[in-house]
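Structure record follows, encoded as structure tokens.
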Amino acid sequence: METATFDAIVIGAGMAGATVAAHLAPDRRVVLVEAEEAAGYHSTGRSAAMYILNYGPPDARVLAGLSRSFFDSPPPGFTDHPLLRRRAAVFLARPGEAAEIERLLQEVPGVRAIGMAELKAMVPALKPDYAAAAAIEEDDFDIDVAALHQGFLRRFAACGGVLALRSRAGRIERRGGLWEVGTASGAVFRAPVLVDAAGAWSDEVARMAGVRPLELSPCRRTAVIVDPAPFEPENWPLICDVGDTWYARPEARTRLMVSPADETPVPPQDVQPEELDIAVAIERMQEALAIPVRRVERSWAGLRTFTPDHSLAFGWDGEAEGFFWCVGQGGWGIQTSPAAGRLVADMIAGRDPGPAGRVLTAIDPRRFKAAKAGGAGGPGG
Ligand SMILES: Cc1cc2nc3c(=O)[nH]c(=O)nc-3n(C[C@H](O)[C@H](O)[C@H](O)COP(=O)(O)OP(=O)(O)OC[C@H]3O[C@@H](n4cnc5c(N)ncnc54)[C@H](O)[C@@H]3O)c2cc1C
């Protein structure tokens, strides 16, 4: 049985674990432990791949904003493809929901009202009576998620990081000042710092380590791909209703991805779509868009994992020495990842996190453990 000692063990090679590992690797020996045979099999490979700046809780918006410069100009050699492609987001209000659009216009910077004629020119499939009002956020984007994820994994490897695939962590113990992680592959890893970036399984990983869970909630979200012919949606915006009951966005030039914006709590698992959610997605989209759906070409579901207050939870556990949480990325884990990875690495290294420092209070995982106040946390306790 192989045993190896590192400075840090990161559990989970989705976007969260990959970005943290890549930022830690230049000055630490890091092993990135992943249960599946390929990194990105779970939530990271199942997202809608959008960057919507004004989405999610305030801490996530700050990190999405701080990620923008990385997306626009990643370091040389990071990727051959642009990471972002501009795609506006349009919010539609049904009759009776116009106040919601007013609220968006007043509260959300960068959003403007859009008239129905302008909208119809953008989305010719829009039915005339569906929306009573609409707003548009123009500075939004599609993200090349695979290029981003692979770019971080390549950087990690280039710095000497070890990616251990097919290595589900099944035993986690603290011994002699080190975390010891036994994996399904038989390998055992030891390190003073353990980063829990296991997405929907993060509470499970914590329980294994004898750490009190944060009561995370993995929620299923469904996506279906349809052929919108005779329409050509390549340059359509993301279209969503202001009440967040469905959205649609172009996929691979000639197809449309539609989601019922479901948020169904489920245990962590290799989640699959339910027939009812697929039907609801199509029905809601068809109320707004005159698109005849002959068949669903593909469908999938993924887990969006939330903390109890929906803000992120990045930080030392406070009760368990050397245990660092990097969880609760919900529906914004891709668009926040460049800044999130840097922030987490700075926190672990004890460096000044710069402008990201203003979210530290909001994202402190110890807020969920207040009833049983812990110590300061950190690698030394
Ligand atoms: C339908 C949908 C649409 C979305 N749209 C967007 C969007 O447009 N923009 C955006 O920014 N975000 C979006 N998201 C959210 C985004 O996908 C997630 O926030 C992000 O992928 C979370 O990354 P993660 O690394 O935390 O989780 P994951 O990618 O799930 O990675 C966790 C990893 O941990 C591994 N693991 C678990 N347990 C163990 C163990 N015991 N040992 C070893 N490994 C383990 C798992 O195998 C997994 O690979 C969407 C999500 C869904 C489902």
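Residue numbering restarts at 1 in every chain; chains get A, B, ... in the order shown in the structure tokens, and ligands count up from 1 in that same order.
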- ligand 1 neighbours within 6 Å using only C-alpha atoms and all ligand atoms, as a PyMOL selection string: chain A and resi 11-17+33-36+39-44+46-51+167-170+197-199+201+205+221-223+301-304+329-335
- Message: Need the shell around Glu215 (chain A): protein/DNA/RNA residues with any atom at most 10 Å away, counting only C-alpha atoms. Skip same-chain ones fewer than 3 positions apart. Format as an NGL selection string?
- Response: :A and (202-203 or 212 or 218 or 306-308 or 368)
- Message: Let's see if you can do this: from backbone DSSP, list all strand (DSSP E) residues in region 245-370 of chain A, as an MDAnalysis selection string.
- Response: chainID A and resid 247:251 255:259 264:265 296:306 313:316 323:327
- Name all residues at most 12 Å from Arg28 (chain A) (count only C-alpha atoms; drop same-chain ones fewer than 3 positions away) and give them as a PyMOL selection string. chain A and resi 5-10+20-25+31+156+159-162+191-193+345+348-349
Go ahead and save the picked residues with all heavy atoms, as a compact mmCIF listing (two decimals), in the first residue's frame.
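In the end it all went to part-v3.txt:
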```
# COMPACT_ATOMS: atom_id res chain seq x y z
N THR A 5 3.32 11.63 1.74
CA THR A 5 3.05 12.81 2.58
C THR A 5 3.17 14.08 1.73
O THR A 5 4.09 14.22 0.92
CB THR A 5 4.03 12.84 3.76
OG1 THR A 5 3.87 11.61 4.48
CG2 THR A 5 3.72 13.99 4.71
N PHE A 6 2.21 14.98 1.92
CA PHE A 6 2.13 16.24 1.18
C PHE A 6 1.96 17.39 2.16
O PHE A 6 1.82 17.17 3.37
CB PHE A 6 0.92 16.20 0.23
CG PHE A 6 1.07 15.19 -0.88
CD1 PHE A 6 0.74 13.85 -0.68
CD2 PHE A 6 1.56 15.57 -2.12
CE1 PHE A 6 0.91 12.92 -1.69
CE2 PHE A 6 1.73 14.65 -3.14
CZ PHE A 6 1.40 13.32 -2.93
N ASP A 7 1.95 18.62 1.62
CA ASP A 7 1.62 19.78 2.46
C ASP A 7 0.11 19.97 2.56
O ASP A 7 -0.39 20.50 3.55
CB ASP A 7 2.25 21.05 1.87
CG ASP A 7 3.77 20.98 1.87
OD1 ASP A 7 4.33 20.53 2.89
OD2 ASP A 7 4.39 21.35 0.85
N ALA A 8 -0.61 19.56 1.50
CA ALA A 8 -2.08 19.70 1.53
C ALA A 8 -2.71 18.61 0.68
O ALA A 8 -2.19 18.24 -0.37
CB ALA A 8 -2.50 21.06 1.01
N ILE A 9 -3.86 18.11 1.19
CA ILE A 9 -4.70 17.18 0.42
C ILE A 9 -5.97 17.95 0.06
O ILE A 9 -6.62 18.52 0.94
CB ILE A 9 -5.09 15.96 1.29
CG1 ILE A 9 -3.85 15.20 1.76
CG2 ILE A 9 -6.04 15.04 0.53
CD1 ILE A 9 -4.13 14.19 2.89
N VAL A 10 -6.30 17.99 -1.25
CA VAL A 10 -7.56 18.61 -1.68
C VAL A 10 -8.47 17.48 -2.12
O VAL A 10 -8.09 16.68 -2.98
CB VAL A 10 -7.32 19.60 -2.84
CG1 VAL A 10 -8.64 20.22 -3.29
CG2 VAL A 10 -6.32 20.69 -2.43
N VAL A 20 -8.36 25.59 -6.51
CA VAL A 20 -7.61 25.71 -5.26
C VAL A 20 -6.26 25.01 -5.39
O VAL A 20 -5.21 25.56 -5.04
CB VAL A 20 -8.42 25.13 -4.08
CG1 VAL A 20 -7.57 25.00 -2.84
CG2 VAL A 20 -9.64 25.98 -3.80
N ALA A 21 -6.28 23.78 -5.92
CA ALA A 21 -5.04 23.01 -6.05
C ALA A 21 -4.04 23.75 -6.94
O ALA A 21 -2.84 23.81 -6.64
CB ALA A 21 -5.35 21.62 -6.62
N ALA A 22 -4.54 24.33 -8.04
CA ALA A 22 -3.64 25.04 -8.96
C ALA A 22 -3.01 26.26 -8.28
O ALA A 22 -1.85 26.59 -8.54
CB ALA A 22 -4.40 25.47 -10.21
N HIS A 23 -3.77 26.93 -7.42
CA HIS A 23 -3.22 28.11 -6.73
C HIS A 23 -2.31 27.74 -5.57
O HIS A 23 -1.45 28.53 -5.19
CB HIS A 23 -4.35 29.02 -6.24
CG HIS A 23 -4.93 29.86 -7.33
ND1 HIS A 23 -6.09 29.53 -7.99
CD2 HIS A 23 -4.49 31.00 -7.91
CE1 HIS A 23 -6.35 30.44 -8.92
NE2 HIS A 23 -5.39 31.35 -8.88
N LEU A 24 -2.50 26.55 -5.00
CA LEU A 24 -1.62 26.14 -3.89
C LEU A 24 -0.31 25.54 -4.39
O LEU A 24 0.73 25.63 -3.72
CB LEU A 24 -2.33 25.06 -3.04
CG LEU A 24 -3.42 25.51 -2.08
CD1 LEU A 24 -4.09 24.27 -1.45
CD2 LEU A 24 -2.85 26.40 -0.98
N ALA A 25 -0.35 24.90 -5.58
CA ALA A 25 0.77 24.07 -6.02
C ALA A 25 2.10 24.80 -6.23
O ALA A 25 3.15 24.18 -6.04
CB ALA A 25 0.38 23.30 -7.28
N VAL A 31 -1.74 17.03 -3.20
CA VAL A 31 -2.39 15.93 -3.92
C VAL A 31 -3.88 16.27 -4.04
O VAL A 31 -4.51 16.73 -3.08
CB VAL A 31 -2.17 14.56 -3.22
CG1 VAL A 31 -2.71 14.52 -1.80
CG2 VAL A 31 -2.78 13.43 -4.06
N PHE A 156 -1.77 22.99 -12.42
CA PHE A 156 -1.50 22.19 -11.21
C PHE A 156 -0.42 21.15 -11.52
O PHE A 156 0.57 21.03 -10.79
CB PHE A 156 -2.82 21.52 -10.78
CG PHE A 156 -2.69 20.56 -9.64
CD1 PHE A 156 -2.26 20.99 -8.39
CD2 PHE A 156 -3.01 19.22 -9.80
CE1 PHE A 156 -2.15 20.08 -7.33
CE2 PHE A 156 -2.91 18.32 -8.75
CZ PHE A 156 -2.46 18.76 -7.51
N CYS A 159 3.11 22.44 -11.96
CA CYS A 159 3.80 22.81 -10.71
C CYS A 159 4.14 21.58 -9.88
O CYS A 159 4.53 21.71 -8.71
CB CYS A 159 2.92 23.73 -9.87
SG CYS A 159 2.61 25.30 -10.62
N GLY A 160 3.96 20.39 -10.43
CA GLY A 160 4.32 19.18 -9.70
C GLY A 160 3.20 18.60 -8.86
O GLY A 160 3.42 17.66 -8.09
N GLY A 161 1.98 19.14 -9.01
CA GLY A 161 0.83 18.61 -8.26
C GLY A 161 0.49 17.20 -8.71
O GLY A 161 0.69 16.85 -9.88
N VAL A 162 -0.03 16.40 -7.78
CA VAL A 162 -0.38 15.00 -8.09
C VAL A 162 -1.91 14.88 -8.12
O VAL A 162 -2.58 15.18 -7.14
CB VAL A 162 0.18 14.06 -7.00
CG1 VAL A 162 -0.28 12.62 -7.24
CG2 VAL A 162 1.70 14.14 -6.97
N ALA A 191 -1.18 14.72 5.22
CA ALA A 191 -0.83 16.14 5.12
C ALA A 191 -1.38 16.88 6.33
O ALA A 191 -2.40 16.46 6.90
CB ALA A 191 -1.41 16.75 3.85
N PRO A 192 -0.77 17.99 6.72
CA PRO A 192 -1.30 18.76 7.85
C PRO A 192 -2.60 19.48 7.51
O PRO A 192 -3.38 19.82 8.39
CB PRO A 192 -0.18 19.77 8.15
CG PRO A 192 0.67 19.82 6.92
CD PRO A 192 0.52 18.49 6.24
N VAL A 193 -2.82 19.74 6.19
CA VAL A 193 -4.01 20.50 5.77
C VAL A 193 -4.87 19.64 4.86
O VAL A 193 -4.35 19.00 3.93
CB VAL A 193 -3.58 21.80 5.03
CG1 VAL A 193 -4.78 22.47 4.37
CG2 VAL A 193 -2.88 22.75 5.99
N ALA A 345 -6.47 29.85 -1.61
CA ALA A 345 -5.02 29.61 -1.47
C ALA A 345 -4.38 30.69 -0.58
O ALA A 345 -3.53 30.38 0.26
CB ALA A 345 -4.36 29.59 -2.85
N ILE A 348 -5.25 29.89 3.05
CA ILE A 348 -4.48 28.75 3.57
C ILE A 348 -3.04 29.16 3.84
O ILE A 348 -2.43 28.77 4.84
CB ILE A 348 -4.58 27.55 2.60
CG1 ILE A 348 -6.01 27.00 2.66
CG2 ILE A 348 -3.55 26.47 2.94
CD1 ILE A 348 -6.33 25.94 1.63
N ALA A 349 -2.50 30.00 2.95
CA ALA A 349 -1.10 30.43 3.10
C ALA A 349 -0.95 31.56 4.12
O ALA A 349 0.17 31.97 4.43
CB ALA A 349 -0.55 30.87 1.74
```
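Each of A:Ala356, A:Gly77, A:Gln286, A:Asp277 was compared to Gln150 (chain A) using only C-alpha atoms, and A:Gly77 turns out to be the nearest.
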- Contacts of Glu287 (chain A) within 8 Å, only C-alpha atoms, excl. fewer than 3 positions in-chain, as a list in words: Lys127, Tyr130, Glu283, Arg284 and Ala290 of chain A
- Item | From A:Ala200, A:Ala121, A:Ala184, A:Val224, residue lying nearest Pro250 (chain A) [only C-alpha atoms] | A:Val224
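Using only C-alpha atoms, the protein and nucleic acid residues lying no more than 7 Å from region 131-136 of chain A, apart from those fewer than 4 places from it along its own chain, are Ala88, Ala89, Val90, Phe91, Leu92, Ala93, Arg94, Pro95, Ala98, Ile101, Val111, Arg112, Ala113, Ile114 and Gly115 of chain A.
The smallest atom-to-atom distance between Gly96 (chain A) and any of A:Val242, A:Val271, A:Leu289, A:Met347, using only C-alpha atoms, is found for A:Val242.
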- Task: If you run DSSP over the backbone, which residues in region 260-377 of chain A end up alpha helix (DSSP H)? Put them as a VMD selection string.
- Result: chain A and resid 275 to 288 337 to 349 360 to 363
